[in-house]
$ cat model.cif   # mmCIF, C-alpha atoms and all ligand atoms
data_protein
#
loop_
_atom_site.label_atom_id
_atom_site.label_comp_id
_atom_site.auth_asym_id
_atom_site.auth_seq_id
_atom_site.Cartn_x
_atom_site.Cartn_y
_atom_site.Cartn_z
CA MET C 1 122.49 0.95 149.14
CA GLN C 2 125.37 -0.43 151.20
CA ASP C 3 127.10 -3.53 149.88
CA PRO C 4 126.76 -6.33 152.51
CA HIS C 5 130.03 -7.76 151.21
CA ILE C 6 131.88 -4.79 152.74
CA TYR C 7 130.98 -5.98 156.25
CA GLN C 8 132.02 -9.53 155.31
CA ALA C 9 135.37 -8.20 154.04
CA ALA C 10 135.85 -6.19 157.25
CA GLU C 11 135.22 -9.29 159.36
CA ILE C 12 137.77 -11.29 157.37
CA ILE C 13 140.39 -8.51 157.71
CA CYS C 14 139.80 -8.37 161.49
CA SER C 15 140.07 -12.13 161.87
CA VAL C 16 143.46 -12.70 160.20
CA LYS C 17 147.03 -11.95 161.25
CA ARG C 18 148.37 -10.22 158.17
CA VAL C 19 146.87 -8.22 155.31
CA THR C 20 148.72 -6.73 152.35
CA ALA C 21 147.30 -4.00 150.12
CA PHE C 22 148.21 -3.99 146.43
CA THR C 23 147.35 -0.72 144.69
CA GLY C 24 147.23 0.58 141.13
CA ALA C 25 146.49 3.82 139.33
CA GLY C 26 142.76 3.63 140.26
CA ILE C 27 143.44 4.48 143.91
CA SER C 28 144.88 7.85 142.87
CA ALA C 29 142.15 8.70 140.33
CA GLU C 30 140.18 10.62 142.99
CA SER C 31 143.32 12.62 143.80
CA GLY C 32 143.16 13.90 140.24
CA ILE C 33 145.82 11.60 138.74
CA PRO C 34 144.35 9.66 135.81
CA PRO C 35 145.41 6.08 134.93
CA PHE C 36 147.69 5.57 131.93
CA ARG C 37 145.21 3.70 129.78
CA GLY C 38 141.51 3.98 128.90
CA PRO C 39 139.57 6.81 127.21
CA ASN C 40 140.72 9.53 129.66
CA GLY C 41 144.08 7.90 130.33
CA LEU C 42 147.40 9.73 130.09
CA TRP C 43 148.35 7.90 126.90
CA SER C 44 145.32 9.33 125.10
CA ARG C 45 147.02 12.76 125.49
CA TYR C 46 150.74 12.03 125.60
CA ASP C 47 153.13 9.84 123.65
CA SER C 48 154.05 6.89 125.91
CA SER C 49 157.48 6.57 124.22
CA VAL C 50 158.78 9.37 126.50
CA LEU C 51 158.89 6.68 129.20
CA ASP C 52 160.79 4.20 127.03
CA ILE C 53 164.26 3.90 128.53
CA HIS C 54 166.08 3.81 125.16
CA HIS C 55 164.14 6.77 123.85
CA PHE C 56 164.81 8.66 127.10
CA TYR C 57 168.60 8.45 126.78
CA GLN C 58 168.48 9.04 122.99
CA ASP C 59 166.53 12.28 123.35
CA PRO C 60 166.47 13.33 127.02
CA VAL C 61 165.37 16.91 126.29
CA ARG C 62 162.20 15.79 124.46
CA SER C 63 161.39 13.08 127.04
CA TRP C 64 162.05 15.39 129.96
CA SER C 65 159.82 18.19 128.65
CA THR C 66 156.79 15.83 128.58
CA ILE C 67 157.77 14.07 131.81
CA LYS C 68 158.07 17.43 133.58
CA LYS C 69 154.63 18.49 132.33
CA ILE C 70 152.92 15.24 133.43
CA PHE C 71 154.63 14.36 136.68
CA TYR C 72 156.11 17.60 138.03
CA GLU C 73 153.58 20.25 136.95
CA ASN C 74 150.15 18.61 136.59
CA PHE C 75 150.41 16.12 139.46
CA GLN C 76 152.78 17.77 141.90
CA ALA C 77 149.95 19.33 143.91
CA ALA C 78 147.95 16.08 144.23
CA ILE C 79 147.05 15.09 147.77
CA PRO C 80 146.04 11.72 149.23
CA ASN C 81 142.33 10.89 149.07
CA ALA C 82 140.14 8.96 151.51
CA ALA C 83 141.40 5.60 150.20
CA HIS C 84 145.07 6.40 150.87
CA LEU C 85 144.11 7.73 154.31
CA ALA C 86 142.01 4.65 155.13
CA LEU C 87 144.99 2.37 154.32
CA SER C 88 147.30 4.41 156.52
CA ASP C 89 144.74 4.35 159.36
CA MET C 90 144.36 0.56 158.96
CA GLU C 91 148.14 0.19 159.22
CA ALA C 92 148.20 2.35 162.38
CA HIS C 93 145.56 0.05 163.92
CA GLY C 94 147.42 -3.12 162.97
CA HIS C 95 145.17 -4.19 160.08
CA ILE C 96 147.57 -3.61 157.18
CA HIS C 97 151.09 -4.98 157.23
CA ALA C 98 152.34 -3.44 153.98
CA VAL C 99 151.19 -1.57 150.90
CA ILE C 100 152.68 -2.75 147.61
CA THR C 101 152.03 0.01 145.12
CA GLN C 102 152.48 0.17 141.37
CA ASN C 103 152.02 3.93 141.65
CA ILE C 104 154.87 6.37 141.57
CA ASP C 105 152.99 9.37 142.95
CA ASN C 106 154.16 9.14 146.59
CA LEU C 107 150.56 9.50 147.85
CA HIS C 108 150.66 6.49 150.21
CA GLN C 109 153.74 7.93 151.86
CA LYS C 110 152.09 11.39 152.03
CA ALA C 111 149.04 9.77 153.65
CA GLY C 112 151.25 8.37 156.41
CA SER C 113 151.63 4.71 155.38
CA ARG C 114 154.95 3.52 156.78
CA VAL C 115 155.57 0.18 155.04
CA VAL C 116 155.28 0.98 151.34
CA ILE C 117 156.87 -1.33 148.79
CA GLU C 118 157.49 0.89 145.75
CA TYR C 119 157.26 -1.75 143.05
CA HIS C 120 157.73 0.76 140.23
CA GLY C 121 159.80 3.32 142.13
CA ASN C 122 158.89 6.88 143.08
CA SER C 123 158.65 10.06 140.99
CA GLN C 124 159.79 12.24 143.90
CA ARG C 125 163.40 11.09 143.55
CA LEU C 126 165.79 11.50 140.62
CA ILE C 127 168.61 9.04 140.05
CA CYS C 128 171.95 9.25 138.28
CA ARG C 129 172.48 5.90 136.62
CA LYS C 130 176.24 6.57 136.40
CA CYS C 131 177.14 7.26 140.05
CA GLY C 132 173.92 5.90 141.59
CA ARG C 133 173.23 9.05 143.64
CA LEU C 134 169.61 9.91 144.44
CA TYR C 135 168.21 13.45 144.68
CA PRO C 136 164.84 14.68 145.93
CA VAL C 137 162.99 16.54 143.15
CA THR C 138 163.25 20.32 143.46
CA GLU C 139 162.07 23.12 141.18
CA GLU C 140 165.67 24.22 140.90
CA LEU C 141 166.82 20.84 139.53
CA LEU C 142 164.12 21.01 136.84
CA LEU C 143 164.74 24.60 135.71
CA ASP C 144 166.98 23.58 132.80
CA LEU C 145 166.16 20.34 131.03
CA PRO C 146 167.46 17.73 131.19
CA PRO C 147 168.48 17.91 134.84
CA LEU C 148 172.11 16.89 135.35
CA CYS C 149 173.75 15.06 138.24
CA PRO C 150 175.52 17.72 140.39
CA ASN C 151 178.20 15.09 141.06
CA CYS C 152 179.06 13.68 137.63
CA HIS C 153 177.00 15.80 135.19
CA GLN C 154 175.14 12.85 133.64
CA VAL C 155 171.42 13.10 132.78
CA LEU C 156 169.21 12.45 135.81
CA LYS C 157 166.25 10.11 135.41
CA PRO C 158 163.11 9.94 137.57
CA ASP C 159 163.61 7.04 139.98
CA PHE C 160 160.67 5.06 138.64
CA VAL C 161 160.60 2.10 136.28
CA PHE C 162 160.53 3.05 132.59
CA PHE C 163 159.39 0.72 129.81
CA GLY C 164 162.32 -1.60 129.14
CA GLU C 165 163.71 -1.40 132.70
CA PRO C 166 163.67 -4.20 135.28
CA ILE C 167 161.76 -4.07 138.57
CA PRO C 168 163.99 -3.03 141.51
CA VAL C 169 165.25 -6.32 143.02
CA LYS C 170 164.58 -5.42 146.65
CA ALA C 171 161.01 -4.29 145.92
CA HIS C 172 160.33 -7.53 144.06
CA GLN C 173 161.78 -9.65 146.87
CA ASN C 174 159.77 -7.77 149.49
CA ALA C 175 156.60 -8.13 147.42
CA LEU C 176 157.18 -11.88 147.01
CA ARG C 177 157.61 -12.17 150.77
CA GLU C 178 154.12 -10.67 151.15
CA THR C 179 152.66 -13.31 148.78
CA ARG C 180 153.95 -15.93 151.20
CA ALA C 181 153.37 -14.24 154.55
CA SER C 182 150.02 -12.46 154.21
CA ASP C 183 146.66 -14.14 154.74
CA VAL C 184 144.63 -11.61 152.75
CA TRP C 185 145.42 -9.40 149.74
CA LEU C 186 143.40 -6.22 149.31
CA VAL C 187 143.70 -5.40 145.59
CA ILE C 188 142.65 -1.80 144.83
CA GLY C 189 142.22 0.02 141.52
CA THR C 190 144.32 -2.05 139.17
CA THR C 191 143.55 -3.75 135.87
CA GLY C 192 145.91 -6.66 136.54
CA GLU C 193 147.37 -6.26 133.08
CA VAL C 194 150.77 -4.70 133.80
CA PHE C 195 153.34 -7.47 134.29
CA PRO C 196 155.29 -8.54 136.28
CA ALA C 197 153.37 -6.55 138.96
CA ALA C 198 150.09 -8.19 137.94
CA SER C 199 151.46 -11.64 138.75
CA LEU C 200 151.75 -10.84 142.50
CA PRO C 201 148.06 -11.32 143.42
CA LEU C 202 148.03 -14.44 141.20
CA GLU C 203 150.99 -15.79 143.17
CA ALA C 204 149.27 -14.95 146.48
CA LYS C 205 146.11 -16.76 145.34
CA SER C 206 148.10 -19.82 144.25
CA ARG C 207 149.40 -19.94 147.84
CA GLY C 208 145.84 -20.06 149.15
CA LYS C 209 145.50 -16.42 150.22
CA LYS C 210 142.14 -14.61 150.14
CA ILE C 211 141.70 -11.85 147.57
CA ILE C 212 139.43 -8.89 148.31
CA GLU C 213 139.20 -6.56 145.33
CA ILE C 214 138.00 -2.96 145.02
CA ASN C 215 137.43 -1.43 141.60
CA ILE C 216 134.83 0.62 139.76
CA GLU C 217 134.51 -2.24 137.28
CA PRO C 218 135.58 -5.88 137.08
CA SER C 219 139.27 -6.36 136.24
CA SER C 220 141.09 -9.33 134.77
CA TYR C 221 141.43 -10.61 138.37
CA THR C 222 137.71 -10.52 139.16
CA PRO C 223 136.54 -13.73 137.43
CA GLN C 224 139.88 -15.45 137.96
CA ILE C 225 141.04 -15.07 141.59
CA THR C 226 138.83 -12.59 143.48
CA ASP C 227 136.95 -13.97 146.51
CA ILE C 228 135.08 -10.77 147.38
CA PHE C 229 134.55 -8.03 144.79
CA LEU C 230 133.61 -4.62 146.20
CA GLN C 231 132.44 -2.47 143.32
CA GLY C 232 132.81 1.29 143.72
CA THR C 233 135.37 4.04 143.89
CA ALA C 234 138.42 3.37 146.04
CA ALA C 235 137.70 6.40 148.27
CA SER C 236 134.09 5.47 149.05
CA VAL C 237 134.61 1.71 149.48
CA MET C 238 137.81 2.06 151.54
CA SER C 239 136.21 4.65 153.85
CA GLU C 240 133.28 2.36 154.50
CA LEU C 241 135.46 -0.71 154.90
CA ASN C 242 137.68 1.07 157.41
CA SER C 243 134.73 2.36 159.37
CA TRP C 244 133.36 -1.22 159.68
CA ILE C 245 136.79 -2.42 160.77
CA ARG C 246 136.89 0.25 163.52
CA LYS C 247 133.41 -0.82 164.70
CA ILE C 248 134.45 -4.48 164.82
CA ASP C 249 137.60 -3.49 166.75
CA VAL C 250 135.43 -1.73 169.34
CA LEU C 251 133.19 -4.82 169.64
CA HIS C 252 136.23 -7.07 170.12
CA ALA C 253 137.71 -4.70 172.70
CA GLY C 254 134.45 -4.65 174.69
P1 LIG B 1 145.55 1.00 134.92
O1 LIG B 1 145.65 2.37 134.38
O2 LIG B 1 145.87 -0.13 134.04
O3 LIG B 1 144.12 0.69 135.55
C1 LIG B 1 143.49 1.49 136.48
C2 LIG B 1 142.41 0.66 137.19
O4 LIG B 1 141.80 1.49 138.17
C3 LIG B 1 141.29 0.16 136.28
O5 LIG B 1 141.03 -1.19 136.59
C4 LIG B 1 140.08 1.05 136.63
O6 LIG B 1 138.85 0.39 136.49
C5 LIG B 1 140.37 1.34 138.08
N1 LIG B 1 139.82 2.60 138.58
C6 LIG B 1 139.73 3.80 137.93
N2 LIG B 1 139.20 4.72 138.76
C7 LIG B 1 139.00 4.12 139.95
C8 LIG B 1 138.51 4.56 141.20
N3 LIG B 1 138.13 5.83 141.41
N4 LIG B 1 138.43 3.68 142.22
C9 LIG B 1 138.81 2.38 142.03
N5 LIG B 1 139.30 1.91 140.86
C10 LIG B 1 139.38 2.76 139.84
O7 LIG B 1 146.43 1.05 136.15
P2 LIG B 1 147.42 0.00 136.67
O8 LIG B 1 146.82 -1.35 136.56
O9 LIG B 1 147.84 0.51 137.96
O10 LIG B 1 148.65 0.01 135.64
C11 LIG B 1 149.21 1.12 135.04
C12 LIG B 1 150.66 1.34 135.47
O11 LIG B 1 150.88 2.71 135.28
C13 LIG B 1 150.91 1.09 136.91
O12 LIG B 1 151.85 0.12 136.99
C14 LIG B 1 151.47 2.39 137.50
O13 LIG B 1 152.85 2.29 137.77
C15 LIG B 1 151.41 3.37 136.42
N6 LIG B 1 150.62 4.56 136.76
C16 LIG B 1 150.79 5.18 137.96
C17 LIG B 1 150.05 6.30 138.26
C18 LIG B 1 150.24 6.95 139.61
O14 LIG B 1 151.35 6.89 140.15
N7 LIG B 1 149.19 7.52 140.17
C19 LIG B 1 149.14 6.81 137.34
C20 LIG B 1 149.02 6.16 136.11
C21 LIG B 1 149.77 5.03 135.84
#
$ encode --input "model.cif" --output "structure tokens"
Amino acid sequence: MQDPHIYQAAEIICSVKRVTAFTGAGISAESGIPPFRGPNGLWSRYDSSVLDIHHFYQDPVRSWSTIKKIFYENFQAAIPNAAHLALSDMEAHGHIHAVITQNIDNLHQKAGSRVVIEYHGNSQRLICRKCGRLYPVTEELLLDLPPLCPNCHQVLKPDFVFFGEPIPVKAHQNALRETRASDVWLVIGTTGEVFPAASLPLEAKSRGKKIIEINIEPSSYTPQITDIFLQGTAASVMSELNSWIRKIDVLHAG
């Protein structure tokens, strides 16, 4: 049965000036990329210390061999699902101002979203922390591990935030701007337990913004700050939400 709250959420989204989406690992689950935690999470199969920044530079060969397996073999072929596509369509029709994502899988960008705030970086770039140069990931760069900077021969690191690393300043500033400027936050597929990212919807709520949440199960946000909780998979709920939004647009146009 359809959830009547989806129509209510669509009406709210169509009635405000600015909506920000805030996404977590759950939005990419239906693209075949599991979350980190939970019974089927990545950390039930792999040692999370490979993403610890100190460990990475102490033993880059060991870290890189697991990182390559997870991010550049298993997930490289993943494609955006209906939820990523719905967000990009909503942006194209003026209903999403920006997507702030905790994900590093590049799927919002692949889906066509133009304003994507990469709060934890992006796995599709490698960075040399010595000279600061960025390189798009290629098979060639990952043939011999660890990959080395062609410019200064230092170990290259995926350009996403490892445990023990700070959030990129610009991404954090841009995300904070959204907590002030947006009327509604659409929070999709995140537990709300990974800080400081998790504090963004809390900050938005403290500024009086409306929180619409989509998740297969209640998160730590649900009892605390969520105004409308839409329970279901990101792909199914977002498709339905977007189709209501398009219908409301047609009504308003006529
Ligand atoms: P999480 O792993 O802590 O939680 C995932 C959330 O998604 C849970 O609340 C779960 O109930 C929900 N969920 C699972 N399947 C769903 C579905 N089909 N539809 C809707 N919701 C669903 O994820 P997190 O809170 O994003 O934090 C983990 C951190 O790990 C993130 O910061 C992110 O950077 C990183 N991460 C990224 C990826 C990726 O890039 N795809 C994958 C795993 C982890």
$ closest_residue --input "model.cif" --among "C:Tyr72, C:Phe22, C:Trp64, C:Phe163" --to "Pro147 in chain C" --atoms "only C-alpha atoms"
C:Trp64
$ residues_around --input "model.cif" --residues "Asp159 in chain C" --least-positions-apart "4" --cutoff "6 Å" --atoms "all atoms listed in the file" --output "list of chain:residue names"
C:Gly121, C:Asn122, C:Ser123, C:Arg125, C:Leu126, C:Ile127
$ residues_near_ligand --input "model.cif" --ligand "ligand LIG 1 (chain B)" --cutoff "6 Å" --atoms "only C-alpha atoms and all ligand atoms" --output "number ranges by chain"
C: 24-30, 33-37, 102-105, 120, 189-192, 194, 215-217, 219, 233-234
$ atom_distance --input "model.cif" --atom1 "CA of Pro80 in chain C" --atom2 "CA of Trp43 in chain C"
22.8 Å
$ residues_around --input "model.cif" --residues "Pro201 in chain C" --least-positions-apart "2" --cutoff "10 Å" --atoms "all atoms listed in the file" --output "PDB file with C-alpha atoms, in the coordinates of the input"
ATOM      1  CA  ALA C  21     147.300  -4.000 150.120  1.00  0.00           C
ATOM      2  CA  PHE C  22     148.210  -3.990 146.430  1.00  0.00           C
ATOM      3  CA  ALA C 175     156.600  -8.130 147.420  1.00  0.00           C
ATOM      4  CA  LEU C 176     157.180 -11.880 147.010  1.00  0.00           C
ATOM      5  CA  GLU C 178     154.120 -10.670 151.150  1.00  0.00           C
ATOM      6  CA  THR C 179     152.660 -13.310 148.780  1.00  0.00           C
ATOM      7  CA  VAL C 184     144.630 -11.610 152.750  1.00  0.00           C
ATOM      8  CA  TRP C 185     145.420  -9.400 149.740  1.00  0.00           C
ATOM      9  CA  LEU C 186     143.400  -6.220 149.310  1.00  0.00           C
ATOM     10  CA  VAL C 187     143.700  -5.400 145.590  1.00  0.00           C
ATOM     11  CA  GLY C 192     145.910  -6.660 136.540  1.00  0.00           C
ATOM     12  CA  ALA C 197     153.370  -6.550 138.960  1.00  0.00           C
ATOM     13  CA  ALA C 198     150.090  -8.190 137.940  1.00  0.00           C
ATOM     14  CA  SER C 199     151.460 -11.640 138.750  1.00  0.00           C
ATOM     15  CA  GLU C 203     150.990 -15.790 143.170  1.00  0.00           C
ATOM     16  CA  ALA C 204     149.270 -14.950 146.480  1.00  0.00           C
ATOM     17  CA  LYS C 205     146.110 -16.760 145.340  1.00  0.00           C
ATOM     18  CA  SER C 206     148.100 -19.820 144.250  1.00  0.00           C
ATOM     19  CA  ARG C 207     149.400 -19.940 147.840  1.00  0.00           C
ATOM     20  CA  LYS C 209     145.500 -16.420 150.220  1.00  0.00           C
ATOM     21  CA  LYS C 210     142.140 -14.610 150.140  1.00  0.00           C
ATOM     22  CA  ILE C 211     141.700 -11.850 147.570  1.00  0.00           C
ATOM     23  CA  TYR C 221     141.430 -10.610 138.370  1.00  0.00           C
ATOM     24  CA  ILE C 225     141.040 -15.070 141.590  1.00  0.00           C
ATOM     25  CA  THR C 226     138.830 -12.590 143.480  1.00  0.00           C
TER      26      THR C 226
END
$ closest_residue --input "model.cif" --among "C:Ala98, C:Ile12, C:Val161, C:Leu148" --to "Asn174 in chain C" --atoms "all atoms listed in the file"
C:Ala98
$ build_atoms --input "model.cif" --residues "range 60-92 of chain C" --atoms "N, CA and C atoms" --output "PDB file, in the frame of the given file"
ATOM      1  N   PRO C  60     166.914  12.982 125.663  1.00  0.00           N
ATOM      2  CA  PRO C  60     166.470  13.330 127.020  1.00  0.00           C
ATOM      3  C   PRO C  60     165.726  14.661 127.106  1.00  0.00           C
ATOM      4  N   VAL C  61     166.042  15.602 126.213  1.00  0.00           N
ATOM      5  CA  VAL C  61     165.370  16.910 126.290  1.00  0.00           C
ATOM      6  C   VAL C  61     163.885  16.739 125.955  1.00  0.00           C
ATOM      7  N   ARG C  62     163.602  15.995 124.868  1.00  0.00           N
ATOM      8  CA  ARG C  62     162.200  15.790 124.460  1.00  0.00           C
ATOM      9  C   ARG C  62     161.451  14.995 125.540  1.00  0.00           C
ATOM     10  N   SER C  63     162.057  13.886 126.011  1.00  0.00           N
ATOM     11  CA  SER C  63     161.390  13.080 127.040  1.00  0.00           C
ATOM     12  C   SER C  63     161.132  13.915 128.277  1.00  0.00           C
ATOM     13  N   TRP C  64     162.176  14.641 128.711  1.00  0.00           N
ATOM     14  CA  TRP C  64     162.050  15.390 129.960  1.00  0.00           C
ATOM     15  C   TRP C  64     160.983  16.479 129.879  1.00  0.00           C
ATOM     16  N   SER C  65     160.800  17.100 128.684  1.00  0.00           N
ATOM     17  CA  SER C  65     159.820  18.190 128.650  1.00  0.00           C
ATOM     18  C   SER C  65     158.410  17.627 128.858  1.00  0.00           C
ATOM     19  N   THR C  66     158.117  16.431 128.324  1.00  0.00           N
ATOM     20  CA  THR C  66     156.790  15.830 128.580  1.00  0.00           C
ATOM     21  C   THR C  66     156.709  15.287 129.999  1.00  0.00           C
ATOM     22  N   ILE C  67     157.776  14.633 130.451  1.00  0.00           N
ATOM     23  CA  ILE C  67     157.770  14.070 131.810  1.00  0.00           C
ATOM     24  C   ILE C  67     157.552  15.178 132.848  1.00  0.00           C
ATOM     25  N   LYS C  68     158.212  16.310 132.629  1.00  0.00           N
ATOM     26  CA  LYS C  68     158.070  17.430 133.580  1.00  0.00           C
ATOM     27  C   LYS C  68     156.610  17.905 133.619  1.00  0.00           C
ATOM     28  N   LYS C  69     156.018  18.018 132.408  1.00  0.00           N
ATOM     29  CA  LYS C  69     154.630  18.490 132.330  1.00  0.00           C
ATOM     30  C   LYS C  69     153.698  17.526 133.094  1.00  0.00           C
ATOM     31  N   ILE C  70     153.854  16.214 132.834  1.00  0.00           N
ATOM     32  CA  ILE C  70     152.920  15.240 133.430  1.00  0.00           C
ATOM     33  C   ILE C  70     153.164  15.121 134.939  1.00  0.00           C
ATOM     34  N   PHE C  71     154.392  14.808 135.298  1.00  0.00           N
ATOM     35  CA  PHE C  71     154.630  14.360 136.680  1.00  0.00           C
ATOM     36  C   PHE C  71     155.016  15.490 137.633  1.00  0.00           C
ATOM     37  N   TYR C  72     155.597  16.582 137.102  1.00  0.00           N
ATOM     38  CA  TYR C  72     156.110  17.600 138.030  1.00  0.00           C
ATOM     39  C   TYR C  72     155.374  18.930 137.907  1.00  0.00           C
ATOM     40  N   GLU C  73     154.422  19.048 136.985  1.00  0.00           N
ATOM     41  CA  GLU C  73     153.580  20.250 136.950  1.00  0.00           C
ATOM     42  C   GLU C  73     152.140  19.846 137.252  1.00  0.00           C
ATOM     43  N   ASN C  74     151.564  18.966 136.405  1.00  0.00           N
ATOM     44  CA  ASN C  74     150.150  18.610 136.590  1.00  0.00           C
ATOM     45  C   ASN C  74     149.866  17.915 137.915  1.00  0.00           C
ATOM     46  N   PHE C  75     150.745  16.996 138.328  1.00  0.00           N
ATOM     47  CA  PHE C  75     150.410  16.120 139.460  1.00  0.00           C
ATOM     48  C   PHE C  75     151.105  16.485 140.772  1.00  0.00           C
ATOM     49  N   GLN C  76     151.974  17.492 140.716  1.00  0.00           N
ATOM     50  CA  GLN C  76     152.780  17.770 141.900  1.00  0.00           C
ATOM     51  C   GLN C  76     151.925  18.192 143.096  1.00  0.00           C
ATOM     52  N   ALA C  77     150.770  18.823 142.806  1.00  0.00           N
ATOM     53  CA  ALA C  77     149.950  19.330 143.910  1.00  0.00           C
ATOM     54  C   ALA C  77     148.945  18.298 144.424  1.00  0.00           C
ATOM     55  N   ALA C  78     148.946  17.087 143.828  1.00  0.00           N
ATOM     56  CA  ALA C  78     147.950  16.080 144.230  1.00  0.00           C
ATOM     57  C   ALA C  78     148.121  15.706 145.696  1.00  0.00           C
ATOM     58  N   ILE C  79     146.986  15.504 146.356  1.00  0.00           N
ATOM     59  CA  ILE C  79     147.050  15.090 147.770  1.00  0.00           C
ATOM     60  C   ILE C  79     146.325  13.756 147.947  1.00  0.00           C
ATOM     61  N   PRO C  80     146.672  13.025 149.009  1.00  0.00           N
ATOM     62  CA  PRO C  80     146.040  11.720 149.230  1.00  0.00           C
ATOM     63  C   PRO C  80     144.527  11.864 149.371  1.00  0.00           C
ATOM     64  N   ASN C  81     143.783  10.874 148.895  1.00  0.00           N
ATOM     65  CA  ASN C  81     142.330  10.890 149.070  1.00  0.00           C
ATOM     66  C   ASN C  81     141.945   9.917 150.191  1.00  0.00           C
ATOM     67  N   ALA C  82     140.635   9.764 150.383  1.00  0.00           N
ATOM     68  CA  ALA C  82     140.140   8.960 151.510  1.00  0.00           C
ATOM     69  C   ALA C  82     140.643   7.508 151.473  1.00  0.00           C
ATOM     70  N   ALA C  83     140.928   6.991 150.286  1.00  0.00           N
ATOM     71  CA  ALA C  83     141.400   5.600 150.200  1.00  0.00           C
ATOM     72  C   ALA C  83     142.829   5.474 150.730  1.00  0.00           C
ATOM     73  N   HIS C  84     143.701   6.422 150.337  1.00  0.00           N
ATOM     74  CA  HIS C  84     145.070   6.400 150.870  1.00  0.00           C
ATOM     75  C   HIS C  84     145.036   6.552 152.400  1.00  0.00           C
ATOM     76  N   LEU C  85     144.167   7.461 152.866  1.00  0.00           N
ATOM     77  CA  LEU C  85     144.110   7.730 154.310  1.00  0.00           C
ATOM     78  C   LEU C  85     143.557   6.523 155.072  1.00  0.00           C
ATOM     79  N   ALA C  86     142.572   5.840 154.470  1.00  0.00           N
ATOM     80  CA  ALA C  86     142.010   4.650 155.130  1.00  0.00           C
ATOM     81  C   ALA C  86     143.103   3.574 155.286  1.00  0.00           C
ATOM     82  N   LEU C  87     143.930   3.399 154.242  1.00  0.00           N
ATOM     83  CA  LEU C  87     144.990   2.370 154.320  1.00  0.00           C
ATOM     84  C   LEU C  87     146.002   2.733 155.407  1.00  0.00           C
ATOM     85  N   SER C  88     146.329   4.016 155.509  1.00  0.00           N
ATOM     86  CA  SER C  88     147.300   4.410 156.520  1.00  0.00           C
ATOM     87  C   SER C  88     146.713   4.237 157.927  1.00  0.00           C
ATOM     88  N   ASP C  89     145.418   4.537 158.062  1.00  0.00           N
ATOM     89  CA  ASP C  89     144.740   4.350 159.360  1.00  0.00           C
ATOM     90  C   ASP C  89     144.687   2.848 159.718  1.00  0.00           C
ATOM     91  N   MET C  90     144.410   2.015 158.704  1.00  0.00           N
ATOM     92  CA  MET C  90     144.360   0.560 158.960  1.00  0.00           C
ATOM     93  C   MET C  90     145.729   0.059 159.393  1.00  0.00           C
ATOM     94  N   GLU C  91     146.780   0.596 158.804  1.00  0.00           N
ATOM     95  CA  GLU C  91     148.140   0.190 159.220  1.00  0.00           C
ATOM     96  C   GLU C  91     148.376   0.602 160.667  1.00  0.00           C
ATOM     97  N   ALA C  92     147.987   1.851 161.005  1.00  0.00           N
ATOM     98  CA  ALA C  92     148.200   2.350 162.380  1.00  0.00           C
ATOM     99  C   ALA C  92     147.454   1.498 163.396  1.00  0.00           C
TER     100      ALA C  92
END
